[in-house]
file model-v3.txt (compact mmCIF, C-alpha atoms and all ligand atoms)
# COMPACT_ATOMS: atom_id res chain seq x y z
CA MET A 83 -18.97 -7.36 13.31
CA LEU A 84 -20.71 -9.83 11.08
CA THR A 85 -18.96 -13.15 10.52
CA LEU A 86 -20.16 -15.52 7.84
CA VAL A 87 -18.92 -19.03 7.20
CA GLY A 88 -20.19 -21.63 4.79
CA GLN A 89 -19.59 -23.67 1.69
CA ASP A 90 -18.27 -21.43 -1.05
CA GLN A 91 -20.51 -20.70 -4.00
CA SER A 92 -20.72 -17.76 -6.36
CA GLY A 93 -22.92 -14.80 -5.49
CA ILE A 94 -22.70 -14.94 -1.68
CA VAL A 95 -21.23 -11.46 -1.22
CA ALA A 96 -23.76 -9.91 -3.60
CA GLN A 97 -26.77 -11.55 -1.92
CA VAL A 98 -25.65 -10.80 1.63
CA THR A 99 -24.77 -7.17 0.94
CA GLN A 100 -28.05 -6.70 -0.94
CA ALA A 101 -29.99 -7.93 2.11
CA LEU A 102 -28.02 -5.57 4.36
CA TYR A 103 -28.54 -2.65 2.01
CA GLN A 104 -32.28 -3.26 1.84
CA GLY A 105 -32.31 -3.40 5.63
CA GLY A 106 -30.80 0.09 5.75
CA CYS A 107 -27.30 -0.94 6.87
CA ASN A 108 -24.03 0.75 6.04
CA LEU A 109 -20.97 -1.36 5.31
CA GLY A 110 -17.49 -0.63 6.58
CA GLU A 111 -14.21 -2.49 6.32
CA ALA A 112 -14.45 -6.09 5.20
CA SER A 113 -12.33 -9.09 4.52
CA MET A 114 -13.50 -12.09 2.54
CA VAL A 115 -11.31 -15.04 1.87
CA ARG A 116 -11.78 -18.62 0.76
CA LEU A 117 -10.14 -21.01 3.20
CA GLY A 118 -9.90 -24.66 2.28
CA GLY A 119 -12.89 -24.35 -0.03
CA ASN A 120 -14.99 -22.55 2.58
CA PHE A 121 -16.42 -19.11 2.21
CA THR A 122 -15.43 -16.83 5.11
CA MET A 123 -16.16 -13.16 5.53
CA MET A 124 -15.91 -10.60 8.28
CA LEU A 125 -17.76 -7.38 7.67
CA MET A 126 -18.29 -4.24 9.70
CA VAL A 127 -21.95 -3.28 9.56
CA ASN A 128 -23.38 -0.04 10.84
CA SER A 129 -27.08 -0.17 11.61
CA ASN A 130 -29.79 1.25 13.85
CA VAL A 131 -31.13 -2.27 14.26
CA ASP A 132 -29.93 -4.36 17.21
CA GLU A 133 -28.25 -7.75 16.96
CA SER A 134 -31.43 -9.80 16.92
CA GLY A 135 -32.87 -7.47 14.28
CA LEU A 136 -29.78 -7.94 12.12
CA ALA A 137 -29.96 -11.70 12.57
CA ALA A 138 -33.60 -11.65 11.44
CA MET A 139 -32.68 -9.45 8.47
CA LEU A 140 -30.01 -11.93 7.39
CA SER A 141 -31.81 -15.18 8.10
CA PRO A 142 -33.57 -15.60 4.71
CA VAL A 143 -30.34 -15.25 2.73
CA ALA A 144 -28.29 -17.18 5.33
CA ASP A 145 -30.77 -20.07 5.25
CA LYS A 146 -30.85 -20.11 1.47
CA LEU A 147 -27.03 -20.14 1.19
CA GLN A 148 -26.53 -22.29 4.31
CA LEU A 149 -24.25 -19.79 6.00
CA HIS A 150 -23.33 -19.72 9.67
CA VAL A 151 -23.92 -16.20 10.95
CA HIS A 152 -22.25 -14.67 13.95
CA LEU A 153 -22.71 -11.13 15.23
CA ASP A 154 -20.70 -9.17 17.78
CA ALA A 155 -21.33 -5.63 18.91
CA ILE A 156 -18.07 -3.70 18.40
CA GLU A 157 -16.76 -0.17 18.47
CA GLY A 158 -15.75 0.69 14.93
CA ARG A 159 -14.14 3.98 14.13
CA LEU A 160 -12.60 5.59 11.10
CA HIS A 161 -8.91 6.38 10.86
CA GLN A 162 -7.80 3.36 12.87
CA HIS A 163 -5.21 2.13 10.37
CA PRO A 164 -1.88 1.49 12.05
CA LYS A 165 1.09 2.22 9.80
CA THR A 166 2.57 -1.17 9.04
CA ASP A 167 6.31 -1.03 8.58
CA VAL A 168 7.40 -4.62 8.30
CA CYS A 169 6.58 -7.64 6.18
CA ILE A 170 7.59 -11.19 7.08
CA ASN A 171 7.44 -14.16 4.75
CA VAL A 172 7.77 -17.71 6.00
CA TYR A 173 7.73 -20.92 4.03
CA GLY A 174 8.66 -24.50 4.64
CA ALA A 175 7.47 -28.05 5.09
CA ASP A 176 4.15 -28.08 6.91
CA ARG A 177 4.77 -28.95 10.55
CA SER A 178 2.53 -28.56 13.58
CA GLY A 179 3.62 -25.91 16.06
CA MET A 180 5.50 -23.84 13.50
CA VAL A 181 3.14 -20.86 13.49
CA ALA A 182 2.92 -20.80 17.28
CA GLU A 183 6.70 -20.88 17.61
CA ILE A 184 7.35 -18.16 15.04
CA THR A 185 4.60 -15.78 16.14
CA ALA A 186 5.51 -16.17 19.82
CA ARG A 187 9.12 -15.18 19.11
CA LEU A 188 8.04 -12.28 16.94
CA ALA A 189 5.54 -11.04 19.52
CA ALA A 190 8.26 -11.11 22.18
CA ALA A 191 10.45 -9.07 19.82
CA GLY A 192 7.78 -6.37 19.55
CA LEU A 193 5.77 -7.36 16.47
CA ASN A 194 2.15 -6.30 16.40
CA ILE A 195 0.53 -8.34 13.61
CA VAL A 196 -1.94 -6.37 11.51
CA ASP A 197 -2.47 -8.78 8.64
CA LEU A 198 -1.69 -12.46 8.33
CA SER A 199 -2.47 -14.90 5.59
CA SER A 200 -1.25 -18.40 5.08
CA ASP A 201 -1.70 -21.12 2.55
CA VAL A 202 -0.91 -24.79 2.35
CA GLY A 203 0.36 -25.86 -1.04
CA GLY A 204 2.67 -28.48 -2.47
CA VAL A 205 1.77 -32.12 -3.07
CA ASP A 206 -0.45 -34.23 -0.80
CA GLN A 207 2.39 -36.30 0.65
CA LYS A 208 4.62 -33.30 1.32
CA PRO A 209 2.55 -30.19 1.93
CA ILE A 210 4.29 -26.85 2.21
CA TYR A 211 3.21 -23.99 4.39
CA ILE A 212 3.52 -20.37 3.24
CA MET A 213 2.72 -17.46 5.52
CA GLN A 214 2.80 -13.71 4.94
CA ILE A 215 2.63 -11.34 7.87
CA GLU A 216 2.40 -7.57 7.92
CA GLY A 217 2.75 -5.64 11.10
CA VAL A 218 4.16 -2.86 13.18
CA ALA A 219 7.65 -3.31 14.62
CA GLU A 220 7.01 -1.66 17.95
CA LYS A 221 10.61 -2.08 19.13
CA GLY A 222 12.15 -1.45 15.71
CA MET A 223 13.51 -3.87 13.13
CA ALA A 224 16.64 -5.02 14.98
CA PRO A 225 14.96 -7.24 17.63
CA LEU A 226 12.76 -8.81 14.93
CA GLN A 227 15.78 -9.58 12.78
CA GLN A 228 17.52 -11.12 15.81
CA ALA A 229 14.47 -13.24 16.59
CA LEU A 230 14.31 -14.45 13.01
CA ASP A 231 18.06 -15.14 12.88
CA ALA A 232 17.68 -17.27 16.01
CA LEU A 233 14.76 -19.12 14.44
CA GLN A 234 16.70 -19.64 11.26
CA GLN A 235 19.67 -21.02 13.23
CA GLN A 236 17.44 -23.46 15.07
CA TYR A 237 15.04 -24.48 12.30
CA GLY A 238 16.85 -23.38 9.15
CA HIS A 239 16.64 -26.90 7.72
CA GLU A 240 12.84 -26.84 8.13
CA PHE A 241 11.73 -23.42 7.00
CA GLU A 242 12.89 -20.06 5.68
CA VAL A 243 11.97 -16.71 7.14
CA HIS A 244 12.50 -13.34 5.46
CA LEU A 245 11.99 -9.92 6.92
CA SER A 246 11.61 -6.81 4.76
CA PRO A 247 10.77 -3.25 5.70
CA ILE A 248 7.65 -1.65 4.27
CA ASP A 249 8.60 1.88 3.43
CA THR A 250 5.58 3.97 2.56
CA LEU A 251 6.09 6.99 0.31
CA ILE A 252 3.53 9.74 0.94
CA MET A 253 3.13 12.07 -2.06
CA MET B 87 4.64 32.21 2.62
CA THR B 88 1.44 30.27 2.22
CA VAL B 89 0.56 26.65 2.76
CA LEU B 90 -2.04 25.89 0.10
CA ASP B 91 -5.24 23.92 0.72
CA LEU B 92 -5.10 20.40 -0.66
CA LEU B 93 -7.84 18.85 -2.75
CA ILE B 94 -8.97 15.67 -1.02
CA TYR B 95 -10.52 12.74 -2.87
CA PRO B 96 -13.49 12.35 -3.69
CA ASP B 97 -13.00 15.89 -5.01
CA ALA B 98 -13.61 15.32 -8.74
CA ARG B 99 -11.05 17.97 -9.70
CA LEU B 100 -8.26 15.51 -8.85
CA LYS B 101 -9.29 13.73 -12.05
CA ASN B 102 -8.61 16.83 -14.21
CA GLU B 103 -5.77 16.83 -16.69
CA SER B 104 -3.33 19.71 -16.20
CA SER B 105 -2.03 22.05 -18.93
CA PRO B 106 1.60 22.69 -19.84
CA VAL B 107 3.31 25.72 -18.32
CA THR B 108 4.13 28.29 -21.02
CA VAL B 109 5.12 31.37 -19.01
CA PHE B 110 8.14 31.17 -16.70
CA ASP B 111 7.64 34.35 -14.72
CA GLU B 112 7.67 35.58 -11.13
CA LYS B 113 4.13 34.25 -10.69
CA LEU B 114 5.36 30.75 -11.48
CA HIS B 115 8.25 31.08 -9.00
CA GLN B 116 5.78 32.17 -6.33
CA CYS B 117 3.57 29.18 -7.11
CA VAL B 118 6.54 26.78 -6.91
CA ALA B 119 7.56 28.24 -3.55
CA GLU B 120 4.06 27.79 -2.16
CA LEU B 121 3.85 24.24 -3.47
CA GLU B 122 7.14 23.37 -1.78
CA GLU B 123 5.93 24.91 1.47
CA THR B 124 2.72 22.85 1.21
CA MET B 125 4.67 19.64 0.51
CA ARG B 126 6.91 20.20 3.54
CA ALA B 127 3.92 20.98 5.76
CA GLY B 128 2.55 17.43 5.27
CA PRO B 129 4.12 14.79 7.54
CA GLY B 130 6.73 12.83 5.59
CA GLY B 131 5.65 14.28 2.25
CA VAL B 132 8.21 13.59 -0.47
CA GLY B 133 6.38 15.08 -3.41
CA ILE B 134 3.56 17.29 -4.59
CA ALA B 135 1.87 18.09 -7.89
CA ALA B 136 0.22 21.45 -8.57
CA PRO B 137 -3.23 19.95 -9.31
CA GLN B 138 -3.36 18.64 -5.73
CA THR B 139 -3.80 22.29 -4.75
CA GLY B 140 -6.29 23.11 -7.49
CA ILE B 141 -3.66 24.62 -9.82
CA PHE B 142 -4.06 22.66 -13.04
CA GLN B 143 -0.60 23.22 -14.48
CA ARG B 144 2.14 20.69 -15.14
CA ILE B 145 4.29 21.49 -12.11
CA VAL B 146 5.78 18.83 -9.81
CA ILE B 147 8.14 18.96 -6.85
CA VAL B 148 9.90 15.85 -5.56
CA ASP B 149 12.39 15.60 -2.72
CA VAL B 150 13.19 12.15 -1.36
CA SER B 151 16.36 13.26 0.42
CA ILE B 152 14.78 12.46 3.83
CA LYS B 153 15.04 8.75 2.96
CA PRO B 154 18.40 7.45 4.17
CA LYS B 155 21.00 5.80 1.96
CA ILE B 156 19.45 6.21 -1.48
CA LYS B 157 20.42 7.90 -4.74
CA HIS B 158 18.58 11.15 -5.40
CA HIS B 159 18.85 14.62 -6.95
CA GLY B 160 17.81 16.62 -3.88
CA CYS B 161 14.84 18.94 -4.27
CA LEU B 162 13.65 18.68 -7.88
CA ILE B 163 11.38 21.26 -9.43
CA LEU B 164 9.96 19.68 -12.56
CA ILE B 165 7.96 21.79 -15.00
CA ASN B 166 6.30 20.00 -17.92
CA PRO B 167 7.98 16.70 -17.00
CA GLU B 168 7.94 13.84 -19.49
CA ILE B 169 9.19 10.32 -19.04
CA LEU B 170 11.33 9.21 -21.99
CA GLU B 171 12.31 5.70 -20.89
CA TRP B 172 11.17 3.12 -18.35
CA ASP B 173 13.24 0.22 -17.02
CA GLY B 174 12.18 -2.71 -14.84
CA PHE B 175 9.35 -2.70 -12.34
CA GLU B 176 8.88 -2.86 -8.60
CA ILE B 177 6.01 -3.09 -6.15
CA GLY B 178 6.03 -0.44 -3.43
CA ARG B 179 3.71 0.98 -0.79
CA GLU B 180 2.33 4.44 -1.57
CA GLY B 181 0.18 6.98 0.13
CA CYS B 182 -1.06 10.36 -1.07
CA MET B 183 -1.77 13.64 0.70
CA SER B 184 -4.98 13.82 -1.36
CA VAL B 185 -6.11 10.36 -0.16
CA PRO B 186 -5.63 10.45 3.63
CA ASP B 187 -5.57 7.39 5.89
CA TYR B 188 -5.03 4.86 3.13
CA THR B 189 -1.93 3.24 1.67
CA GLY B 190 -1.63 0.60 -1.02
CA ASN B 191 0.72 -1.29 -3.27
CA VAL B 192 1.50 0.08 -6.71
CA ILE B 193 3.74 -1.22 -9.49
CA ARG B 194 6.08 1.41 -10.92
CA ALA B 195 9.06 1.43 -13.22
CA ARG B 196 12.24 0.85 -11.18
CA ALA B 197 14.22 3.40 -13.18
CA ILE B 198 13.22 6.17 -15.57
CA LYS B 199 14.79 8.72 -17.87
CA LEU B 200 13.03 12.03 -17.56
CA THR B 201 13.05 15.40 -19.26
CA ALA B 202 11.66 18.50 -17.57
CA GLN B 203 12.06 22.24 -17.51
CA ASP B 204 13.19 24.15 -14.45
CA GLN B 205 11.34 27.21 -13.20
CA TYR B 206 13.30 29.42 -15.63
CA GLY B 207 12.33 27.28 -18.63
CA ALA B 208 15.68 25.54 -19.17
CA ILE B 209 15.41 21.89 -20.22
CA HIS B 210 17.13 19.19 -18.17
CA GLU B 211 17.40 15.43 -18.43
CA TYR B 212 17.50 13.13 -15.41
CA ASP B 213 18.19 9.44 -14.86
CA MET B 214 16.62 8.26 -11.65
CA GLU B 215 15.67 5.07 -9.82
CA GLY B 216 13.99 3.66 -6.74
CA TYR B 217 12.07 6.00 -4.47
CA GLU B 218 12.81 9.07 -6.53
CA ALA B 219 11.60 7.43 -9.74
CA ARG B 220 8.50 6.17 -7.89
CA ALA B 221 7.72 9.63 -6.52
CA VAL B 222 8.07 11.26 -9.94
CA GLN B 223 5.78 8.66 -11.54
CA HIS B 224 3.19 9.21 -8.79
CA GLU B 225 3.30 12.99 -9.30
CA ILE B 226 3.15 12.85 -13.11
CA ASP B 227 0.04 10.69 -12.68
CA HIS B 228 -1.54 13.63 -10.81
CA LEU B 229 -0.88 15.84 -13.86
CA ASP B 230 -2.82 13.33 -15.95
CA GLY B 231 -5.70 13.09 -13.47
CA LEU B 232 -4.65 9.69 -12.13
CA LEU B 233 -4.35 8.67 -8.47
CA PHE B 234 -2.40 5.78 -6.98
CA ILE B 235 -5.73 4.16 -6.14
CA ASP B 236 -6.25 3.85 -9.90
CA ARG B 237 -3.23 1.53 -9.97
CA LEU B 238 -3.60 -0.60 -6.83
CA VAL B 239 -2.40 -4.17 -6.82
CA SER B 240 -3.22 -6.77 -4.16
CA ARG B 241 -1.90 -6.08 -0.68
CA ARG B 242 -1.82 -9.76 0.10
CA HIS B 243 0.10 -11.49 -2.61
CA ASP B 244 3.64 -11.37 -3.91
CA LEU B 245 4.62 -8.46 -1.72
CA PHE B 246 8.25 -7.49 -1.92
CA GLN B 247 9.17 -10.81 -3.48
CA ARG B 248 11.74 -9.20 -5.73
CA LYS B 249 13.66 -7.73 -2.83
CA VAL B 250 13.64 -10.98 -0.91
CA TYR B 251 14.80 -12.83 -3.98
CA LYS B 252 17.69 -10.44 -4.46
CA LYS B 253 18.75 -10.74 -0.82
CA SER B 254 18.73 -14.53 -0.69
CA ASN B 255 20.59 -14.55 -3.97
CA LYS B 256 23.42 -12.58 -2.47
CA LYS B 257 23.61 -14.90 0.51
CA THR B 258 24.20 -17.98 -1.61
CA LYS B 259 26.96 -16.35 -3.65
ZN ZN A 301 -0.37 12.04 -4.48

call {"tool": "encode", "arguments": {"input": "model-v3.txt", "output": "structure tokens"}}
result
Amino acid sequence: MLTLVGQDQSGIVAQVTQALYQGGCNLGEASMVRLGGNFTMMLMVNSNVDESGLAAMLSPVADKLQLHVHLDAIEGRLHQHPKTDVCINVYGADRSGMVAEITARLAAAGLNIVDLSSDVGGVDQKPIYIMQIEGVAEKGMAPLQQALDALQQQYGHEFEVHLSPIDTLIM
Amino acid sequence: MTVLDLLIYPDARLKNESSPVTVFDEKLHQCVAELEETMRAGPGGVGIAAPQTGIFQRIVIVDVSIKPKIKHHGCLILINPEILEWDGFEIGREGCMSVPDYTGNVIRARAIKLTAQDQYGAIHEYDMEGYEARAVQHEIDHLDGLLFIDRLVSRRHDLFQRKVYKKSNKKTK
């Protein structure tokens, strides 16, 4: 797993993947997102070269673009997509501890988070926090709904939480 | 009865356009029966189009009756289907037997008016919505050589916002 972090600028993905391609690597699943103006990417790379070889392969482009590079050996297999069946949206005034509180309750109610993204928007003086979670409801929807109802009871004046099923049609 | 082999992307034949059915004979009935068998053999399959099995004719079967608490017409055999009217739109998660191990979000019309022939050639008109309308639109795409991955929208943003909006609306009433 290759992790790259740095100041965002155009052309990073193209230059990094070009270096990997020329080094004989194969690319797998990837996620790139800009967070607070920073470029961040996690990329599965399949290669015959070991970690130090990969680091050497990437160093010219990483130095040029001033990227932090981090490599971890992982087991990566195909067909490892869990079937997500629930989507949770949260928004409210930005407050510390909110994410920890919500995700702890959801985890206890059987939620396995597969995808999470959050943004801070609003105006400088009153930022708002918006979070979207997708996951697998391992104990079904009912305990999740109960957990969210309890949260809403307790913090309803601070944030809103919505739960919706993801129903996948296979055709 | 036979379960037919499915074409799996990147098989280029999935991009073929299918031809209208002109002969409504025993051979067609046999083909429809085998398609239905193939659809039911897949786990959770709610629809199939003939070109998914390498038969490039405008034949579609849709049956969303396994989904609880929705409006539907049962098992629909649609020959030469054509959508006459579209109404509204919705984002939903789709998967395809011809694109295994991948699902994605697609925008479809919420409701459609459809005309199609049955396997004896008689013409019928249907009004449908929700899952059934989505399934029919997905299958008609197959007849035109289109896959749901041709129509993907972002997984991350604005998921299911319509539904949430509707729900919270009800609450405040
Ligand atoms: Zn399909």

call {"tool": "interface_residues", "arguments": {"input": "model-v3.txt", "of": "chain A", "to": "chain B", "cutoff": "9 Å", "atoms": "only C-alpha atoms", "output": "list in words"}}
result
Leu160, His161, Gln162, His163, Lys165, Cys169, Asn171, Asp197, Leu198, Ser199, Gln214, His244, Leu245, Ser246, Ile248, Asp249, Thr250, Leu251, Ile252 and Met253 of chain A

call {"tool": "atom_distance", "arguments": {"input": "model-v3.txt", "atom1": "atom CA of Glu123 of chain B", "atom2": "atom CA of Leu90 of chain B"}}
result
8.1 Å

call {"tool": "residues_around", "arguments": {"input": "model-v3.txt", "residues": "segment 176-192 of chain A", "least_positions_apart": "6", "cutoff": "8 Å", "atoms": "only C-alpha atoms", "output": "PyMOL selection string"}}
result
chain A and resi 202+208-211+219-222+225-226+229-230+233

call {"tool": "residues_around", "arguments": {"input": "model-v3.txt", "residues": "segment 196-210 of chain B", "least_positions_apart": "2", "cutoff": "8 Å", "atoms": "only C-alpha atoms", "output": "PDB file with C-alpha atoms, in the frame of the given file"}}
result
ATOM      1  CA  PHE B 110       8.140  31.170 -16.700  1.00  0.00           C
ATOM      2  CA  ASP B 111       7.640  34.350 -14.720  1.00  0.00           C
ATOM      3  CA  LEU B 114       5.360  30.750 -11.480  1.00  0.00           C
ATOM      4  CA  HIS B 115       8.250  31.080  -9.000  1.00  0.00           C
ATOM      5  CA  VAL B 118       6.540  26.780  -6.910  1.00  0.00           C
ATOM      6  CA  ILE B 163      11.380  21.260  -9.430  1.00  0.00           C
ATOM      7  CA  LEU B 164       9.960  19.680 -12.560  1.00  0.00           C
ATOM      8  CA  ILE B 165       7.960  21.790 -15.000  1.00  0.00           C
ATOM      9  CA  ASN B 166       6.300  20.000 -17.920  1.00  0.00           C
ATOM     10  CA  PRO B 167       7.980  16.700 -17.000  1.00  0.00           C
ATOM     11  CA  GLU B 168       7.940  13.840 -19.490  1.00  0.00           C
ATOM     12  CA  ILE B 169       9.190  10.320 -19.040  1.00  0.00           C
ATOM     13  CA  LEU B 170      11.330   9.210 -21.990  1.00  0.00           C
ATOM     14  CA  GLU B 171      12.310   5.700 -20.890  1.00  0.00           C
ATOM     15  CA  TRP B 172      11.170   3.120 -18.350  1.00  0.00           C
ATOM     16  CA  ASP B 173      13.240   0.220 -17.020  1.00  0.00           C
ATOM     17  CA  GLY B 174      12.180  -2.710 -14.840  1.00  0.00           C
ATOM     18  CA  PHE B 175       9.350  -2.700 -12.340  1.00  0.00           C
ATOM     19  CA  GLU B 176       8.880  -2.860  -8.600  1.00  0.00           C
ATOM     20  CA  ARG B 194       6.080   1.410 -10.920  1.00  0.00           C
ATOM     21  CA  TYR B 212      17.500  13.130 -15.410  1.00  0.00           C
ATOM     22  CA  ASP B 213      18.190   9.440 -14.860  1.00  0.00           C
ATOM     23  CA  MET B 214      16.620   8.260 -11.650  1.00  0.00           C
ATOM     24  CA  GLU B 215      15.670   5.070  -9.820  1.00  0.00           C
ATOM     25  CA  GLY B 216      13.990   3.660  -6.740  1.00  0.00           C
ATOM     26  CA  ALA B 219      11.600   7.430  -9.740  1.00  0.00           C
ATOM     27  CA  ARG B 220       8.500   6.170  -7.890  1.00  0.00           C
TER      28      ARG B 220
END

call {"tool": "atom_distance", "arguments": {"input": "model-v3.txt", "atom1": "atom CA of Ile212 of chain A", "atom2": "atom CA of Arg116 of chain A"}}
result
15.6 Å

call {"tool": "closest_residue", "arguments": {"input": "model-v3.txt", "among": "A:Leu102, A:Ile94, A:Leu149, A:Val168", "to": "Asn130 of chain A", "atoms": "only C-alpha atoms"}}
result
A:Leu102

call {"tool": "residues_around", "arguments": {"input": "model-v3.txt", "residues": "segment 118-123 of chain A", "least_positions_apart": "4", "cutoff": "6 Å", "atoms": "only C-alpha atoms", "output": "ChimeraX atom specification"}}
result
/A:85-90,113-114

call {"tool": "atom_distance", "arguments": {"input": "model-v3.txt", "atom1": "atom CA of Pro154 of chain B", "atom2": "atom CA of Pro164 of chain A"}}
result
22.6 Å

call {"tool": "axis_aligned_box", "arguments": {"input": "model-v3.txt", "around": "segment 163-167 of chain B", "padding_each_side": "8 Å", "output": "AutoDock Vina command-line options"}}
result
--center_x 8.8 --center_y 19.2 --center_z -13.7 --size_x 21.1 --size_y 21.1 --size_z 24.5
